[in-house]
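J.: Structure in structure tokens, see below.
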Amino acid sequence: MFICITPVSYSFPVEDLTRTLDAMSWVKLNTFHWHITDSQSFPLEVFEYPELAQNGAYSPQEVYSASDVQYVVSYAAAVRTLSILP
Amino acid sequence: MANRRSSKLLLLVTLCISSTRVWSLWPIPTALQTGQTGLTLSPSFNFDVAVPNPPVDLLQAVIETQFYLENDKLGRLVVGRGANDSSAVDGAKSLQSLKLSLTEGAEVQSISFESVKPLETRSEEYTLTIPEDGSEATLTANSTLGLYRGLTTFSQLWYYYNGVTYTIIAPINIVDAPAYVSMSFLERRSEAQTDTQM
């Protein structure tokens, strides 16, 4: 059972994602589908291609850094028992 | 006479329906048996983690469940928010502990290890038994992930009224497993074009 979140057309702060993961665990959903990039925006910072997020995000604040992604993935697995599907 | 018989029948039907509904659980466990006895959660209620070398995230899940039990304080959604349950709760036995264990031969792995296994090999099923006489409740599963699912269910069985955390449907026997390997809820806004997933 999974949920797909599409932040490409508007951005979700990391706390919103973890709050969603909390709620998913209460109803035993087991996969979080994180649709993180698309043509509308590219809020994911990629180390080798920093210009993608620089030009693709709505603002420099509305990006997911590598540590954000790592945090969400580990939070989902360890605390809320979900795997993440990019 | 016929009237009395039909009212008896109505009572029976009502009891049957009310004894099988547990509105607080979703998804509904695959096998769910409930009774009509009150049972309170002891103020000194504790979890007995009978798992050898329990992984840290299992212990965290236990602490989190304890937190929900103490702080949710969910009143039953009825007139009086549970005030009328006092007849069932007064004099009810008190549950002292829930024992968590893995089935014989199951490998002990962390929840985070179990929860990222391929969907087909994830083991999320569990068995939860809560007697009505206050004796120890038991939760068994094939994996720590199954134990986590059972803890989630356990935390959702209780109501709170006037300082007492209680249920009115003991004994409770649950055997649960995911109904579907995967079920999707899709949230997308303002996009008309084809999905381009990474």
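By order in the structure tokens, chains are A, B, ...; within a chain, residues start at 1; ligands start at 1, following the order shown.
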Find the spatial neighbours of range 165-175 of chain B, counting only C-alpha atoms, within a cut-off of 6 Å - ignore same-chain residues fewer than 2 positions away - and output them as a count of residues only.

T.: 20

J.: Find the residue from B:Leu145, B:Val78, B:Val49, B:Leu59 that sits nearest to chain A; use only C-alpha atoms when measuring.

T.: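 Nearest to chain A: B:Leu145.
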
J.: Can you tell me, as a PyMOL selection string, which residues in range 15-80 of chain A count as helix (DSSP H, G or I) by DSSP?

T.: chain A and resi 15-26+50-56+66-79

J.: Just N, CA and C atoms for this one: save the residues we selected as a tab-separated table (two decimals), in the first residue's frame.

T.:
```tsv
chain	number	residue	atom	x	y	z
A	15	GLU	N	9.23	18.60	7.21
A	15	GLU	CA	8.35	18.24	8.33
A	15	GLU	C	6.99	17.74	7.83
A	16	ASP	N	6.50	18.32	6.72
A	16	ASP	CA	5.22	17.86	6.17
A	16	ASP	C	5.33	16.42	5.70
A	17	LEU	N	6.49	16.09	5.13
A	17	LEU	CA	6.69	14.72	4.65
A	17	LEU	C	6.72	13.75	5.82
A	18	THR	N	7.47	14.10	6.87
A	18	THR	CA	7.56	13.17	8.00
A	18	THR	C	6.21	13.04	8.70
A	19	ARG	N	5.44	14.13	8.73
A	19	ARG	CA	4.11	14.05	9.33
A	19	ARG	C	3.21	13.12	8.52
A	20	THR	N	3.35	13.19	7.20
A	20	THR	CA	2.59	12.28	6.33
A	20	THR	C	3.01	10.83	6.58
A	21	LEU	N	4.33	10.63	6.77
A	21	LEU	CA	4.83	9.27	7.03
A	21	LEU	C	4.26	8.74	8.35
A	22	ASP	N	4.16	9.60	9.35
A	22	ASP	CA	3.55	9.21	10.63
A	22	ASP	C	2.13	8.69	10.39
A	23	ALA	N	1.34	9.49	9.68
A	23	ALA	CA	-0.06	9.13	9.45
A	23	ALA	C	-0.17	7.86	8.63
A	24	MET	N	0.75	7.67	7.68
A	24	MET	CA	0.73	6.45	6.87
A	24	MET	C	0.93	5.22	7.74
A	25	SER	N	1.82	5.32	8.71
A	25	SER	CA	2.10	4.14	9.55
A	25	SER	C	0.88	3.79	10.41
A	26	TRP	N	0.08	4.79	10.77
A	26	TRP	CA	-1.10	4.50	11.60
A	26	TRP	C	-2.13	3.67	10.86
A	50	PRO	N	24.57	20.61	-9.89
A	50	PRO	CA	23.91	21.57	-8.99
A	50	PRO	C	22.99	22.55	-9.72
A	51	GLU	N	23.27	22.77	-11.02
A	51	GLU	CA	22.46	23.76	-11.75
A	51	GLU	C	21.01	23.30	-11.92
A	52	LEU	N	20.77	21.99	-11.82
A	52	LEU	CA	19.38	21.50	-11.94
A	52	LEU	C	18.49	22.10	-10.86
A	53	ALA	N	18.92	21.99	-9.61
A	53	ALA	CA	18.12	22.54	-8.52
A	53	ALA	C	18.21	24.06	-8.49
A	54	GLN	N	19.38	24.59	-8.87
A	54	GLN	CA	19.53	26.05	-8.87
A	54	GLN	C	18.51	26.70	-9.81
A	55	ASN	N	18.32	26.10	-10.95
A	55	ASN	CA	17.40	26.67	-11.93
A	55	ASN	C	16.01	26.05	-11.85
A	56	GLY	N	15.92	24.85	-11.30
A	56	GLY	CA	14.66	24.12	-11.38
A	56	GLY	C	13.74	24.32	-10.20
A	66	ALA	N	20.72	16.54	-0.18
A	66	ALA	CA	21.00	15.11	-0.03
A	66	ALA	C	20.74	14.67	1.41
A	67	SER	N	21.07	15.53	2.37
A	67	SER	CA	20.86	15.12	3.77
A	67	SER	C	19.37	15.10	4.10
A	68	ASP	N	18.58	16.01	3.47
A	68	ASP	CA	17.11	15.95	3.64
A	68	ASP	C	16.59	14.60	3.18
A	69	VAL	N	17.04	14.17	2.00
A	69	VAL	CA	16.56	12.92	1.41
A	69	VAL	C	16.97	11.76	2.30
A	70	GLN	N	18.24	11.79	2.74
A	70	GLN	CA	18.74	10.73	3.62
A	70	GLN	C	17.90	10.65	4.90
A	71	TYR	N	17.57	11.82	5.43
A	71	TYR	CA	16.79	11.88	6.66
A	71	TYR	C	15.40	11.29	6.45
A	72	VAL	N	14.76	11.69	5.36
A	72	VAL	CA	13.39	11.19	5.10
A	72	VAL	C	13.41	9.68	4.89
A	73	VAL	N	14.42	9.19	4.14
A	73	VAL	CA	14.50	7.74	3.88
A	73	VAL	C	14.71	6.96	5.17
A	74	SER	N	15.61	7.44	6.02
A	74	SER	CA	15.88	6.70	7.25
A	74	SER	C	14.71	6.83	8.22
A	75	TYR	N	14.08	8.01	8.25
A	75	TYR	CA	12.90	8.20	9.10
A	75	TYR	C	11.81	7.23	8.68
A	76	ALA	N	11.61	7.13	7.38
A	76	ALA	CA	10.55	6.24	6.88
A	76	ALA	C	10.85	4.79	7.23
A	77	ALA	N	12.08	4.36	7.05
A	77	ALA	CA	12.40	2.95	7.29
A	77	ALA	C	12.45	2.62	8.76
A	78	ALA	N	13.13	3.46	9.52
A	78	ALA	CA	13.37	3.10	10.91
A	78	ALA	C	12.19	3.41	11.80
A	79	VAL	N	11.60	4.57	11.60
A	79	VAL	CA	10.59	5.01	12.55
A	79	VAL	C	9.19	4.65	12.09
```

J.: Check the smallest atom-to-atom distance from each of B:Ser86, B:Asn46, B:Ser24, B:Thr140 to chain A using only C-alpha atoms, then report the winner.

T.: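 Ranked by minimum distance to chain A, first place goes to B:Ser24.
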
J.: Where does DSSP see strand (DSSP E or B) in range 1-196 of chain B, if you list the residues as a PyMOL selection string?

T.: chain B and resi 31-49+93-102+126-130+137-141+159-161+164-176+184-187

J.: Record the distance separating CA of Ser101 in chain B and CA of Trp23 in chain B, expressed in Å with one decimal.

T.: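 A separation of 26.9 Å between them.
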
J.: Using only C-alpha atoms, can you tell me which of B:Tyr161, B:Tyr148, B:Phe67, B:Phe47 comes closest to chain A?

T.: B:Tyr148

J.: Determine, counting only C-alpha atoms, which protein, DNA and RNA residues have an atom within 12 Å of an atom of Phe45 in chain B; residues of the same chain fewer than 6 positions away are not included. Present the result as a PyMOL selection string.

T.: chain B and resi 65-67+69-70+94-99+134-137+165

J.: Return the single residue from A:Ser65, A:Val14, A:Phe47, A:Trp34 that is closest to chain B, with distances computed using only C-alpha atoms.

T.: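 Nearest candidate to chain B out of A:Ser65, A:Val14, A:Phe47, A:Trp34: A:Trp34.
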
J.: Which of these, B:Glu114, B:Asp48, B:Asp133, B:Asp176, has the shortest distance to chain A once you count only C-alpha atoms?

T.: B:Glu114
